[in-house]
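Shown next: query28.txt, given as compact mmCIF, C-alpha atoms (C1' of nucleotides).
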```
# COMPACT_ATOMS: atom_id res chain seq x y z
CA MET A 560 122.11 -15.43 200.55
CA LEU A 561 123.38 -12.50 198.49
CA LYS A 562 125.07 -9.39 199.82
CA ASN A 563 123.63 -5.94 199.33
CA SER A 564 126.28 -5.07 196.76
CA GLU A 565 125.28 -8.11 194.73
CA PHE A 566 121.68 -6.94 194.65
CA VAL A 567 122.91 -3.52 193.58
CA SER A 568 124.72 -4.91 190.56
CA LYS A 569 121.94 -7.33 189.76
CA LEU A 570 119.51 -4.44 189.61
CA ARG A 571 121.89 -2.18 187.68
CA ASN A 572 122.61 -4.93 185.18
CA SER A 573 118.95 -5.19 184.35
CA GLY A 574 118.46 -1.46 184.03
CA LEU A 575 116.73 -0.98 187.36
CA ARG A 576 118.03 1.67 189.72
CA PRO A 577 118.99 0.17 193.05
CA THR A 578 116.68 2.19 195.23
CA LYS A 579 116.21 1.66 198.96
CA GLN A 580 112.80 0.10 198.34
CA ARG A 581 113.96 -2.31 195.66
CA LEU A 582 116.91 -3.42 197.77
CA LYS A 583 114.66 -4.03 200.74
CA ILE A 584 112.34 -6.13 198.59
CA CYS A 585 115.36 -7.99 197.22
CA ARG A 586 116.41 -8.83 200.74
CA VAL A 587 112.96 -10.06 201.64
CA LEU A 588 112.64 -12.17 198.50
CA PHE A 589 116.12 -13.40 197.69
CA ASN A 590 118.09 -13.41 200.94
CA ARG A 591 117.00 -16.93 201.76
CA ASP A 592 118.14 -20.50 201.54
CA LYS A 593 115.01 -21.77 199.88
CA THR A 594 112.79 -20.34 197.19
CA PHE A 595 109.19 -19.69 198.13
CA HIS A 596 105.76 -18.62 196.91
CA PHE A 597 104.00 -15.42 197.88
CA THR A 598 101.15 -13.14 196.95
CA ILE A 599 101.49 -9.36 196.69
CA ASN A 600 99.48 -9.21 199.86
CA ASP A 601 101.82 -11.58 201.68
CA LEU A 602 104.78 -9.47 200.66
CA ALA A 603 103.19 -6.17 201.66
CA LYS A 604 102.27 -7.66 205.03
CA ASN A 605 105.74 -9.11 205.54
CA ILE A 606 107.34 -5.74 204.86
CA SER A 607 104.98 -3.71 207.01
CA GLU A 608 105.34 -6.14 209.92
CA ASN A 609 109.09 -6.62 209.83
CA PHE A 610 110.39 -3.15 209.02
CA ASN A 611 109.64 0.17 210.61
CA GLU A 612 109.95 2.00 207.35
CA LYS A 613 107.00 1.33 205.06
CA ILE A 614 106.92 0.87 201.30
CA SER A 615 103.95 2.16 199.38
CA LEU A 616 101.70 -0.54 197.98
CA ALA A 617 102.10 0.95 194.50
CA THR A 618 105.85 0.49 194.77
CA ILE A 619 105.43 -3.11 195.83
CA TYR A 620 103.27 -3.78 192.79
CA ASN A 621 105.69 -1.96 190.50
CA THR A 622 108.71 -3.74 191.89
CA VAL A 623 107.23 -7.21 191.79
CA HIS A 624 106.16 -6.68 188.20
CA ALA A 625 109.55 -5.25 187.27
CA PHE A 626 111.24 -8.28 188.86
CA LYS A 627 108.88 -10.58 187.01
CA ASP A 628 109.56 -8.82 183.69
CA LYS A 629 113.29 -9.14 184.28
CA GLY A 630 112.86 -12.84 184.98
CA TYR A 631 113.63 -12.77 188.71
CA LEU A 632 110.16 -14.00 189.58
CA LYS A 633 107.64 -16.29 187.97
CA GLU A 634 103.90 -15.78 188.29
CA ILE A 635 101.65 -18.76 188.94
CA THR A 636 97.95 -18.31 188.45
CA ILE A 637 95.76 -20.74 190.32
CA SER A 638 92.38 -19.21 189.68
CA SER A 639 91.10 -15.84 188.64
CA ASP A 640 91.36 -14.60 192.20
CA LYS A 641 94.63 -16.19 193.30
CA SER A 642 97.94 -15.18 191.84
CA TYR A 643 101.21 -16.29 193.36
CA PHE A 644 104.77 -15.33 192.63
CA ASP A 645 107.58 -17.83 192.84
CA THR A 646 111.22 -17.02 193.57
CA ASN A 647 112.10 -20.34 191.96
CA ILE A 648 112.55 -19.33 188.33
CA THR A 649 113.72 -22.72 187.06
CA LYS A 650 111.35 -24.83 184.98
CA HIS A 651 109.16 -26.79 187.34
CA HIS A 652 105.57 -27.70 188.06
CA HIS A 653 103.27 -27.33 191.04
CA PHE A 654 100.91 -29.06 193.35
CA TYR A 655 98.20 -26.82 194.69
CA ASP A 656 96.71 -27.90 197.97
CA GLU A 657 93.08 -26.84 197.90
CA ASP A 658 92.72 -27.40 201.64
CA THR A 659 95.52 -25.07 202.70
CA ASN A 660 95.81 -22.88 199.58
CA LEU A 661 99.50 -23.69 199.50
CA LEU A 662 101.61 -24.18 196.39
CA ILE A 663 104.24 -26.89 196.43
CA ASP A 664 107.05 -27.17 193.89
CA CYS A 665 107.38 -30.38 191.93
CA ASN A 666 110.61 -31.77 190.62
CA ASP A 667 111.31 -34.61 188.23
CA ASN A 668 110.81 -37.13 191.03
CA GLU A 669 107.17 -36.17 191.16
CA ILE A 670 106.14 -35.30 187.63
CA GLY A 671 107.79 -36.80 184.59
CA LYS A 672 108.63 -34.78 181.49
CA VAL A 673 105.55 -33.63 179.63
CA ASN A 674 105.58 -35.12 176.16
CA ILE A 675 104.41 -32.58 173.61
CA LYS A 676 103.99 -34.51 170.42
CA ASN A 677 102.64 -31.80 168.16
CA ASN A 678 102.87 -28.06 168.57
CA ILE A 679 100.75 -25.47 166.80
CA THR A 680 102.26 -24.85 163.35
CA GLY A 681 104.48 -21.79 163.16
CA LYS A 682 104.52 -21.22 166.89
CA LYS A 683 107.24 -21.60 169.44
CA ILE A 684 106.60 -22.99 172.91
CA SER A 685 107.27 -20.33 175.53
CA SER A 686 106.38 -22.41 178.57
CA VAL A 687 104.86 -25.67 179.71
CA GLU A 688 103.19 -25.65 183.07
CA VAL A 689 101.47 -28.42 184.95
CA LEU A 690 99.23 -27.70 187.90
CA VAL A 691 98.08 -30.64 189.98
CA ARG A 692 95.30 -29.73 192.34
CA VAL A 693 95.09 -31.91 195.42
CA ALA A 694 92.70 -32.07 198.34
CA SER A 695 92.21 -34.31 201.33
CA ASP A 696 90.42 -37.57 200.62
CA THR A 697 87.29 -36.50 202.44
CA GLN A 698 87.01 -33.29 200.43
CA ASN A 699 84.49 -32.79 197.64
CA GLN A 700 85.86 -33.47 194.22
CA ASN A 701 84.94 -31.61 191.05
CA MET B 1362 72.47 -29.72 169.37
CA LEU B 1363 70.02 -30.27 172.21
CA LYS B 1364 66.37 -29.35 172.19
CA ASN B 1365 64.88 -26.91 174.63
CA SER B 1366 63.11 -29.68 176.54
CA GLU B 1367 66.44 -31.42 176.99
CA PHE B 1368 67.91 -28.29 178.54
CA VAL B 1369 64.87 -28.07 180.80
CA SER B 1370 65.43 -31.54 182.18
CA LYS B 1371 69.17 -31.09 182.37
CA LEU B 1372 68.62 -28.01 184.52
CA ARG B 1373 65.87 -29.60 186.62
CA ASN B 1374 67.98 -32.67 187.22
CA SER B 1375 70.72 -30.56 188.71
CA GLY B 1376 68.38 -28.56 190.91
CA LEU B 1377 68.36 -25.45 188.77
CA ARG B 1378 65.05 -23.97 187.74
CA PRO B 1379 64.77 -23.72 183.99
CA THR B 1380 64.27 -19.99 183.73
CA LYS B 1381 64.10 -18.06 180.48
CA GLN B 1382 67.56 -16.64 181.11
CA ARG B 1383 69.21 -19.96 181.88
CA LEU B 1384 67.65 -21.58 178.83
CA LYS B 1385 68.86 -18.77 176.62
CA ILE B 1386 72.36 -19.16 178.00
CA CYS B 1387 72.12 -22.92 177.49
CA ARG B 1388 71.26 -22.36 173.86
CA VAL B 1389 74.17 -19.99 173.37
CA LEU B 1390 76.63 -22.32 175.07
CA PHE B 1391 75.49 -25.82 174.27
CA ASN B 1392 73.50 -25.64 171.04
CA ARG B 1393 76.59 -26.17 168.93
CA ASP B 1394 78.50 -28.84 167.13
CA LYS B 1395 81.82 -27.99 168.69
CA THR B 1396 82.81 -27.02 172.19
CA PHE B 1397 84.43 -23.62 172.62
CA HIS B 1398 86.11 -21.24 175.03
CA PHE B 1399 84.67 -17.95 176.20
CA THR B 1400 85.06 -15.26 178.79
CA ILE B 1401 82.15 -13.80 180.75
CA ASN B 1402 82.60 -10.69 178.69
CA ASP B 1403 82.39 -12.62 175.42
CA LEU B 1404 79.20 -14.25 176.57
CA ALA B 1405 77.57 -11.02 177.72
CA LYS B 1406 78.47 -9.39 174.41
CA ASN B 1407 77.21 -12.35 172.41
CA ILE B 1408 73.86 -12.24 174.21
CA SER B 1409 73.38 -8.50 173.99
CA GLU B 1410 74.25 -8.46 170.29
CA ASN B 1411 72.22 -11.46 169.18
CA PHE B 1412 69.05 -11.16 171.22
CA ASN B 1413 66.71 -8.25 171.70
CA GLU B 1414 65.94 -9.22 175.24
CA LYS B 1415 68.85 -8.53 177.55
CA ILE B 1416 70.10 -10.56 180.50
CA SER B 1417 71.50 -8.75 183.51
CA LEU B 1418 75.25 -9.10 183.95
CA ALA B 1419 74.70 -10.42 187.47
CA THR B 1420 72.58 -13.22 186.05
CA ILE B 1421 75.24 -14.09 183.51
CA TYR B 1422 77.81 -14.36 186.29
CA ASN B 1423 75.44 -16.37 188.46
CA THR B 1424 74.51 -18.72 185.67
CA VAL B 1425 78.03 -19.35 184.45
CA HIS B 1426 79.13 -20.11 188.00
CA ALA B 1427 76.13 -22.31 188.61
CA PHE B 1428 76.89 -24.22 185.40
CA LYS B 1429 80.53 -24.51 186.43
CA ASP B 1430 79.56 -25.78 189.89
CA LYS B 1431 77.27 -28.37 188.30
CA GLY B 1432 80.09 -29.48 186.04
CA TYR B 1433 78.69 -28.20 182.74
CA LEU B 1434 81.60 -25.83 182.29
CA LYS B 1435 85.27 -25.88 183.18
CA GLU B 1436 87.21 -22.78 184.10
CA ILE B 1437 90.69 -22.23 182.68
CA THR B 1438 92.83 -19.54 184.22
CA ILE B 1439 95.57 -18.18 182.02
CA SER B 1440 96.73 -15.25 184.10
CA SER B 1441 95.31 -13.20 186.92
CA ASP B 1442 93.37 -11.09 184.46
CA LYS B 1443 92.23 -13.71 181.98
CA SER B 1444 89.75 -16.38 182.90
CA TYR B 1445 88.13 -18.55 180.26
CA PHE B 1446 85.33 -21.04 180.46
CA ASP B 1447 85.29 -24.18 178.37
CA THR B 1448 82.21 -26.06 177.24
CA ASN B 1449 84.46 -29.11 176.77
CA ILE B 1450 84.26 -30.73 180.19
CA THR B 1451 86.30 -33.82 179.36
CA LYS B 1452 89.83 -34.11 180.72
CA HIS B 1453 92.13 -32.30 178.34
CA HIS B 1454 94.92 -29.78 178.17
CA HIS B 1455 95.42 -26.47 176.40
CA PHE B 1456 97.65 -24.47 174.19
CA TYR B 1457 97.43 -20.77 174.78
CA ASP B 1458 98.40 -18.59 171.86
CA GLU B 1459 99.96 -15.46 173.31
CA ASP B 1460 99.71 -13.64 170.00
CA THR B 1461 95.97 -14.06 169.55
CA ASN B 1462 94.92 -14.74 173.17
CA LEU B 1463 93.18 -17.86 171.95
CA LEU B 1464 92.92 -21.15 173.80
CA ILE B 1465 93.22 -24.36 171.82
CA ASP B 1466 92.24 -27.77 173.14
CA CYS B 1467 94.84 -30.51 173.18
CA ASN B 1468 94.09 -34.16 172.82
CA ASP B 1469 96.29 -37.21 173.32
CA ASN B 1470 97.82 -36.70 169.88
CA GLU B 1471 99.40 -33.51 171.11
CA ILE B 1472 100.24 -34.05 174.76
CA GLY B 1473 101.01 -37.44 176.23
CA LYS B 1474 99.73 -38.58 179.61
CA VAL B 1475 101.27 -36.65 182.47
CA ASN B 1476 103.17 -39.05 184.68
CA ILE B 1477 102.66 -38.17 188.32
CA LYS B 1478 105.11 -40.35 190.18
CA ASN B 1479 104.53 -39.12 193.71
CA ASN B 1480 101.56 -37.31 195.11
CA ILE B 1481 101.44 -35.37 198.37
CA THR B 1482 100.85 -37.82 201.22
CA GLY B 1483 97.25 -38.07 202.35
CA LYS B 1484 95.90 -36.05 199.46
CA LYS B 1485 93.83 -36.99 196.46
CA ILE B 1486 94.41 -35.51 193.02
CA SER B 1487 91.41 -33.48 191.94
CA SER B 1488 92.78 -32.35 188.58
CA VAL B 1489 95.86 -32.26 186.42
CA GLU B 1490 96.13 -29.43 183.96
CA VAL B 1491 98.81 -28.62 181.46
CA LEU B 1492 99.01 -25.22 179.84
CA VAL B 1493 101.41 -24.80 176.95
CA ARG B 1494 101.97 -21.18 176.06
CA VAL B 1495 102.97 -20.58 172.48
CA ALA B 1496 103.90 -17.50 170.50
CA SER B 1497 105.16 -16.76 167.04
CA ASP B 1498 108.86 -17.41 166.51
CA THR B 1499 109.67 -13.72 166.25
CA GLN B 1500 107.97 -12.94 169.54
CA ASN B 1501 109.87 -12.19 172.76
CA GLN B 1502 110.25 -15.19 174.98
CA ASN B 1503 110.26 -15.15 178.77
C1' DA C 1133 129.95 19.50 194.49
C1' DA C 1134 126.25 21.80 192.25
C1' DT C 1135 123.05 21.40 188.54
C1' DT C 1136 120.31 19.03 185.46
C1' DT C 1137 117.86 15.15 183.90
C1' DA C 1138 115.66 10.92 184.16
C1' DT C 1139 113.63 7.71 187.00
C1' DA C 1140 111.25 6.11 191.20
C1' DT C 1141 108.22 6.68 195.12
C1' DT C 1142 104.21 8.14 197.29
C1' DA C 1143 99.39 8.92 198.74
C1' DT C 1144 95.44 9.07 196.73
C1' DA C 1145 92.08 8.68 193.13
C1' DA C 1146 90.38 6.04 189.45
C1' DT C 1147 89.32 1.83 187.24
C1' DC C 1148 87.74 -2.70 186.35
C1' DG C 1149 85.89 -7.04 187.07
C1' DT C 1150 83.11 -9.26 190.16
C1' DT C 1151 79.89 -9.82 194.03
C1' DC C 1152 76.27 -8.08 197.06
C1' DT C 1153 71.74 -6.15 198.06
C1' DA C 1154 67.08 -5.88 198.43
C1' DA C 1155 63.04 -5.26 195.75
C1' DA C 1156 60.36 -7.21 192.04
C1' DC C 1157 59.43 -11.30 189.54
C1' DT C 1158 58.75 -16.24 188.23
C1' DG C 1159 58.54 -21.22 188.62
C1' DT C 1160 56.83 -24.82 191.42
C1' DT C 1161 53.96 -27.03 194.73
C1' DG C 1162 49.86 -27.96 197.10
C1' DC D 576 45.27 -19.80 192.35
C1' DA D 577 47.68 -18.96 196.67
C1' DA D 578 51.93 -19.42 198.96
C1' DC D 579 56.63 -20.04 198.88
C1' DA D 580 61.19 -20.60 197.52
C1' DG D 581 64.28 -19.53 194.10
C1' DT D 582 65.70 -16.13 190.46
C1' DT D 583 66.46 -11.86 188.21
C1' DT D 584 67.47 -7.16 188.21
C1' DA D 585 69.71 -2.49 188.51
C1' DG D 586 72.62 -0.42 190.91
C1' DA D 587 75.64 -0.09 194.91
C1' DA D 588 79.63 -1.94 197.03
C1' DC D 589 83.85 -4.19 197.01
C1' DG D 590 88.69 -5.44 196.41
C1' DA D 591 92.57 -5.86 193.72
C1' DT D 592 95.25 -3.40 190.68
C1' DT D 593 96.68 0.65 187.98
C1' DA D 594 96.95 5.63 186.98
C1' DT D 595 98.02 10.27 188.51
C1' DA D 596 100.77 13.99 189.51
C1' DA D 597 103.49 15.94 193.05
C1' DT D 598 107.70 15.02 195.53
C1' DA D 599 111.98 12.68 196.16
C1' DT D 600 116.03 10.26 194.69
C1' DA D 601 119.72 8.45 191.63
C1' DA D 602 122.66 9.22 187.91
C1' DA D 603 124.75 12.04 184.51
C1' DT D 604 126.66 16.43 183.36
C1' DT D 605 128.87 20.56 184.26
```

What would the structure in this file look like if it were written as C-alpha cells?
Amino acid sequence: MLKNSEFVSKLRNSGLRPTKQRLKICRVLFNRDKTFHFTINDLAKNISENFNEKISLATIYNTVHAFKDKGYLKEITISSDKSYFDTNITKHHHFYDEDTNLLIDCNDNEIGKVNIKNNITGKKISSVEVLVRVASDTQNQN
Amino acid sequence: MLKNSEFVSKLRNSGLRPTKQRLKICRVLFNRDKTFHFTINDLAKNISENFNEKISLATIYNTVHAFKDKGYLKEITISSDKSYFDTNITKHHHFYDEDTNLLIDCNDNEIGKVNIKNNITGKKISSVEVLVRVASDTQNQN
DNA sequence: AATTTATATTATAATCGTTCTAAACTGTTG
DNA sequence: CAACAGTTTAGAACGATTATAATATAAATT
C-alpha cells in the first residue's frame, strides 16, 4: 500500500524515470495487501479494463521486464508456453495447479529447505526453485 | 544401445507406428550410453547435419511431443524461451549453468529429498522439480 | 521558463518458435 | 493387393514477443 510519491522515488532510485505509465503499472502491481501472480496478458487486460487511458502493449512488456531486471518482480516459468510474474520477490517455492492453471506460493510450512549437498565446482548458486505440480486425484498423471 | 527391432516394438507397444522418421529419431536419442538434454533446434540440426535424408521440422516436433506424451522424454523448462528435453526419464533434479546454458542432472548425492510437508487439499502431486541456477562467481547475481 | 538532451511511449511491422493444413505417402489389416 | 487409418511434408498461419522509428515526455542545462 505505497503512495504515489513512494513509487516515484523507488523508480528514480533504480534509474527508471517515473512516467505516467510506469506509475500506473506500479499501482496495479504493488498497491495491494497481498502479493500475486500474473501473466503479461493478465496485466494488459487488467489495465485496459480498469482504466480509460490505455498503455501500449510494448510499454507493458518493457515495464514488466524493467521491473524484473531491477528485482521488483520474479519470473516463474511453468512450461514453454506459460510464464508468470510474481510480485513476491522473497525466496519461496510454488505449487502449480494443473487443473486451474493457478500458481500458489509455498512457505516453509509446506516445503522444507532444499538440501544442496554438492554444487558444481567453481560456480555460485544464483537461485533454487522448487515447482510442485498438482492435479485432482481423478486427473491423468504423467 | 538398443537395436532397431527393439525400437520397433517399443513404438508399436505405445501405439506409434514405427516409421522411418521415428526410428531415425529413436536412434539419435536413445542409441547412446548416457542420457542427455537437447532442444528441438539441437535435434533438428543434429539430424540435418548427420544424415543425408532430411526430416521435416513438423515431424520432429510431432515426434518429440509424441515421445514426451508416451513418457520416453521429459521436458524441462528453464525460462519462457528455453525448453529442453531430457532422455533421462527417472525422477531427478537439475543444475542450470547460466554461463554455458547447459543443464546438468542431479542425483541424490547433490540434492537431498525435497520434504513436502503439506500438499494442497484434494490434490495429488504429479511432479516435484528442483532447478538450481548456477553461474560463475564473477557473474552478476539476481 | 525556454532550450536541449536523453529517455520513454506508441502503433505498427517484423521476427521467431511452434502449430495447423491439406495433399501425398506409408504402414497395417483383411 | 486393396482399403484404410495414421504419418509426413512443405508451406501457411498463428501468437507471443521484440524491433522500429516517429512522437512525446522527463530531466538537465542555459

Sorted per-residue table, chain B near chain C, closest atoms and distance, 12 Å, only C-alpha atoms (C1' of nucleotides), as a Markdown table:
```
| residue | atom | partner | partner_atom | distance |
| --- | --- | --- | --- | --- |
| B:Arg1373 | CA | C:DT1160 | C1' | 11.3 |
| B:Leu1377 | CA | C:DG1159 | C1' | 10.7 |
| B:Arg1378 | CA | C:DG1159 | C1' | 7.1 |
| B:Pro1379 | CA | C:DG1159 | C1' | 8.2 |
| B:Thr1380 | CA | C:DG1159 | C1' | 7.6 |
| B:Lys1381 | CA | C:DT1158 | C1' | 9.6 |
| B:Gln1382 | CA | C:DT1158 | C1' | 11.3 |
| B:Thr1400 | CA | C:DG1149 | C1' | 11.7 |
| B:Ile1401 | CA | C:DG1149 | C1' | 10.0 |
| B:Asn1402 | CA | C:DG1149 | C1' | 9.7 |
| B:Leu1418 | CA | C:DT1150 | C1' | 10.0 |
| B:Ala1419 | CA | C:DT1151 | C1' | 8.4 |
| B:Thr1420 | CA | C:DT1151 | C1' | 11.3 |
| B:Ile1421 | CA | C:DT1150 | C1' | 11.4 |
| B:Tyr1422 | CA | C:DT1150 | C1' | 8.3 |
| B:Asn1423 | CA | C:DT1151 | C1' | 9.7 |
| B:His1426 | CA | C:DT1150 | C1' | 11.8 |
| B:Ser1441 | CA | C:DG1149 | C1' | 11.3 |
| B:Asp1442 | CA | C:DG1149 | C1' | 8.9 |
| B:Lys1443 | CA | C:DG1149 | C1' | 10.5 |
| B:Ser1444 | CA | C:DG1149 | C1' | 10.9 |
```

Any chance you could dump chain B, least-squares fitted to chain A on all C-alpha atoms in order, as a short mmCIF file (atom, residue, chain, number, x, y, z; two decimals) with C-alpha atoms, keeping the file's coordinate frame?
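Just written: selection-v6.cif:
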```cif
data_model
loop_
_atom_site.label_atom_id
_atom_site.label_comp_id
_atom_site.auth_asym_id
_atom_site.auth_seq_id
_atom_site.Cartn_x
_atom_site.Cartn_y
_atom_site.Cartn_z
CA MET B 1362 122.07 -15.42 200.70
CA LEU B 1363 123.34 -12.52 198.61
CA LYS B 1364 125.00 -9.41 199.92
CA ASN B 1365 123.58 -5.97 199.40
CA SER B 1366 126.26 -5.09 196.86
CA GLU B 1367 125.29 -8.15 194.86
CA PHE B 1368 121.69 -6.98 194.73
CA VAL B 1369 122.91 -3.56 193.65
CA SER B 1370 124.74 -4.97 190.66
CA LYS B 1371 121.98 -7.41 189.85
CA LEU B 1372 119.56 -4.49 189.67
CA ARG B 1373 121.96 -2.23 187.77
CA ASN B 1374 122.70 -4.96 185.28
CA SER B 1375 119.05 -5.24 184.41
CA GLY B 1376 118.54 -1.51 184.08
CA LEU B 1377 116.81 -1.03 187.40
CA ARG B 1378 118.10 1.62 189.76
CA PRO B 1379 119.02 0.14 193.10
CA THR B 1380 116.68 2.17 195.26
CA LYS B 1381 116.18 1.66 198.97
CA GLN B 1382 112.78 0.11 198.33
CA ARG B 1383 113.96 -2.32 195.68
CA LEU B 1384 116.89 -3.42 197.82
CA LYS B 1385 114.61 -4.02 200.77
CA ILE B 1386 112.32 -6.12 198.60
CA CYS B 1387 115.34 -7.99 197.26
CA ARG B 1388 116.37 -8.84 200.78
CA VAL B 1389 112.91 -10.07 201.68
CA LEU B 1390 112.62 -12.17 198.54
CA PHE B 1391 116.09 -13.40 197.77
CA ASN B 1392 118.03 -13.41 201.04
CA ARG B 1393 116.96 -16.95 201.84
CA ASP B 1394 118.13 -20.50 201.61
CA LYS B 1395 115.00 -21.77 199.94
CA THR B 1396 112.80 -20.35 197.24
CA PHE B 1397 109.18 -19.70 198.15
CA HIS B 1398 105.78 -18.63 196.89
CA PHE B 1399 104.02 -15.43 197.85
CA THR B 1400 101.17 -13.18 196.89
CA ILE B 1401 101.48 -9.40 196.63
CA ASN B 1402 99.43 -9.23 199.77
CA ASP B 1403 101.78 -11.57 201.63
CA LEU B 1404 104.72 -9.46 200.61
CA ALA B 1405 103.12 -6.16 201.60
CA LYS B 1406 102.17 -7.63 204.97
CA ASN B 1407 105.63 -9.09 205.50
CA ILE B 1408 107.25 -5.71 204.82
CA SER B 1409 104.88 -3.67 206.94
CA GLU B 1410 105.20 -6.07 209.87
CA ASN B 1411 108.96 -6.55 209.81
CA PHE B 1412 110.27 -3.10 208.98
CA ASN B 1413 109.52 0.24 210.54
CA GLU B 1414 109.85 2.04 207.26
CA LYS B 1415 106.92 1.35 204.98
CA ILE B 1416 106.88 0.88 201.22
CA SER B 1417 103.92 2.17 199.24
CA LEU B 1418 101.68 -0.54 197.83
CA ALA B 1419 102.12 0.92 194.35
CA THR B 1420 105.87 0.45 194.67
CA ILE B 1421 105.43 -3.14 195.77
CA TYR B 1422 103.30 -3.82 192.70
CA ASN B 1423 105.75 -2.01 190.44
CA THR B 1424 108.74 -3.79 191.86
CA VAL B 1425 107.25 -7.27 191.76
CA HIS B 1426 106.23 -6.73 188.15
CA ALA B 1427 109.60 -5.29 187.26
CA PHE B 1428 111.30 -8.31 188.86
CA LYS B 1429 108.93 -10.63 187.00
CA ASP B 1430 109.62 -8.86 183.70
CA LYS B 1431 113.37 -9.19 184.30
CA GLY B 1432 112.93 -12.88 185.01
CA TYR B 1433 113.70 -12.82 188.74
CA LEU B 1434 110.23 -14.04 189.59
CA LYS B 1435 107.70 -16.32 187.97
CA GLU B 1436 103.97 -15.82 188.25
CA ILE B 1437 101.70 -18.79 188.91
CA THR B 1438 97.99 -18.32 188.43
CA ILE B 1439 95.79 -20.74 190.30
CA SER B 1440 92.40 -19.18 189.71
CA SER B 1441 91.12 -15.80 188.67
CA ASP B 1442 91.43 -14.54 192.22
CA LYS B 1443 94.68 -16.16 193.29
CA SER B 1444 97.98 -15.18 191.79
CA TYR B 1445 101.25 -16.30 193.33
CA PHE B 1446 104.80 -15.35 192.60
CA ASP B 1447 107.63 -17.83 192.84
CA THR B 1448 111.25 -17.02 193.59
CA ASN B 1449 112.15 -20.36 191.98
CA ILE B 1450 112.62 -19.35 188.36
CA THR B 1451 113.77 -22.73 187.07
CA LYS B 1452 111.39 -24.81 184.97
CA HIS B 1453 109.19 -26.77 187.32
CA HIS B 1454 105.61 -27.68 188.04
CA HIS B 1455 103.31 -27.31 191.03
CA PHE B 1456 100.97 -29.05 193.35
CA TYR B 1457 98.27 -26.83 194.70
CA ASP B 1458 96.78 -27.89 198.00
CA GLU B 1459 93.14 -26.84 197.94
CA ASP B 1460 92.79 -27.37 201.67
CA THR B 1461 95.60 -25.05 202.71
CA ASN B 1462 95.87 -22.86 199.58
CA LEU B 1463 99.56 -23.67 199.49
CA LEU B 1464 101.67 -24.17 196.39
CA ILE B 1465 104.31 -26.89 196.42
CA ASP B 1466 107.09 -27.17 193.88
CA CYS B 1467 107.42 -30.38 191.90
CA ASN B 1468 110.65 -31.75 190.60
CA ASP B 1469 111.35 -34.59 188.19
CA ASN B 1470 110.84 -37.12 190.97
CA GLU B 1471 107.20 -36.16 191.13
CA ILE B 1472 106.16 -35.28 187.59
CA GLY B 1473 107.78 -36.77 184.53
CA LYS B 1474 108.60 -34.75 181.42
CA VAL B 1475 105.51 -33.58 179.60
CA ASN B 1476 105.50 -35.06 176.13
CA ILE B 1477 104.29 -32.51 173.61
CA LYS B 1478 103.86 -34.46 170.41
CA ASN B 1479 102.46 -31.75 168.18
CA ASN B 1480 102.70 -28.03 168.57
CA ILE B 1481 100.56 -25.44 166.80
CA THR B 1482 102.02 -24.82 163.34
CA GLY B 1483 104.22 -21.75 163.11
CA LYS B 1484 104.32 -21.18 166.84
CA LYS B 1485 107.07 -21.56 169.39
CA ILE B 1486 106.46 -22.93 172.87
CA SER B 1487 107.17 -20.27 175.46
CA SER B 1488 106.29 -22.35 178.52
CA VAL B 1489 104.79 -25.60 179.67
CA GLU B 1490 103.16 -25.62 183.06
CA VAL B 1491 101.47 -28.40 184.93
CA LEU B 1492 99.26 -27.69 187.91
CA VAL B 1493 98.13 -30.64 189.99
CA ARG B 1494 95.36 -29.74 192.37
CA VAL B 1495 95.16 -31.90 195.44
CA ALA B 1496 92.81 -32.06 198.39
CA SER B 1497 92.31 -34.29 201.38
CA ASP B 1498 90.55 -37.57 200.64
CA THR B 1499 87.41 -36.52 202.47
CA GLN B 1500 87.12 -33.31 200.48
CA ASN B 1501 84.57 -32.80 197.69
CA GLN B 1502 85.97 -33.45 194.27
CA ASN B 1503 85.00 -31.62 191.10
#
```

Enumerate, in order of chain and increasing residue number, the residues of chain B with an atom no farther than 6 Å from chain A, each with its shortest atom pair and distance in Å to one decimal, counting only C-alpha atoms, as a Markdown table.
```
| residue | atom | partner | partner_atom | distance |
| --- | --- | --- | --- | --- |
| B:Thr1438 | CA | A:Ser638 | CA | 5.5 |
| B:Ser1440 | CA | A:Thr636 | CA | 5.5 |
| B:Ser1441 | CA | A:Ser639 | CA | 5.3 |
| B:Ser1444 | CA | A:Ser639 | CA | 5.9 |
| B:Glu1471 | CA | A:Asn677 | CA | 4.7 |
| B:Ile1472 | CA | A:Ile675 | CA | 4.6 |
| B:Gly1473 | CA | A:Asn674 | CA | 5.1 |
| B:Val1475 | CA | A:Val673 | CA | 6.0 |
| B:Asn1476 | CA | A:Gly671 | CA | 5.1 |
| B:Ile1477 | CA | A:Ile670 | CA | 4.6 |
| B:Lys1478 | CA | A:Glu669 | CA | 4.8 |
| B:Asn1479 | CA | A:Glu669 | CA | 4.7 |
| B:Lys1484 | CA | A:Ser695 | CA | 4.5 |
| B:Lys1485 | CA | A:Val693 | CA | 5.3 |
| B:Ile1486 | CA | A:Val693 | CA | 4.4 |
| B:Ser1487 | CA | A:Val693 | CA | 5.3 |
| B:Ser1488 | CA | A:Arg692 | CA | 5.2 |
| B:Val1489 | CA | A:Val691 | CA | 4.5 |
| B:Glu1490 | CA | A:Leu690 | CA | 5.3 |
| B:Val1491 | CA | A:Val689 | CA | 4.4 |
| B:Leu1492 | CA | A:Glu688 | CA | 5.3 |
| B:Val1493 | CA | A:Val687 | CA | 4.5 |
| B:Arg1494 | CA | A:Ser686 | CA | 5.2 |
| B:Val1495 | CA | A:Ile684 | CA | 4.4 |
| B:Ala1496 | CA | A:Lys682 | CA | 5.2 |
| B:Ser1497 | CA | A:Lys682 | CA | 4.5 |
| B:Asp1498 | CA | A:Lys683 | CA | 5.4 |
| B:Gln1502 | CA | A:Ser685 | CA | 6.0 |
```

Contact residues (chain D, partner chain B, 9 Å, all atoms listed in the file) as a list in words: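 So the residues of chain D near chain B are DG581, DT582, DT583, DT584 and DA585 of chain D.
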
Atomic separation - atom CA of A:Thr646 relative to atom CA of A:Phe595, Å: 5.7 Å

What separation in Å, quoted to one decimal, exists between atom CA of B:Asn1392 and atom CA of B:Lys1415? 18.9 Å

Long-range neighbours of A:Cys585 as an NGL selection string, 10 Å cut-off, only C-alpha atoms (C1' of nucleotides), 4 positions minimum in chain: :A and (561 or 563 or 566-567 or 569-570 or 577 or 579-581 or 589-590 or 622-623 or 626 or 631)
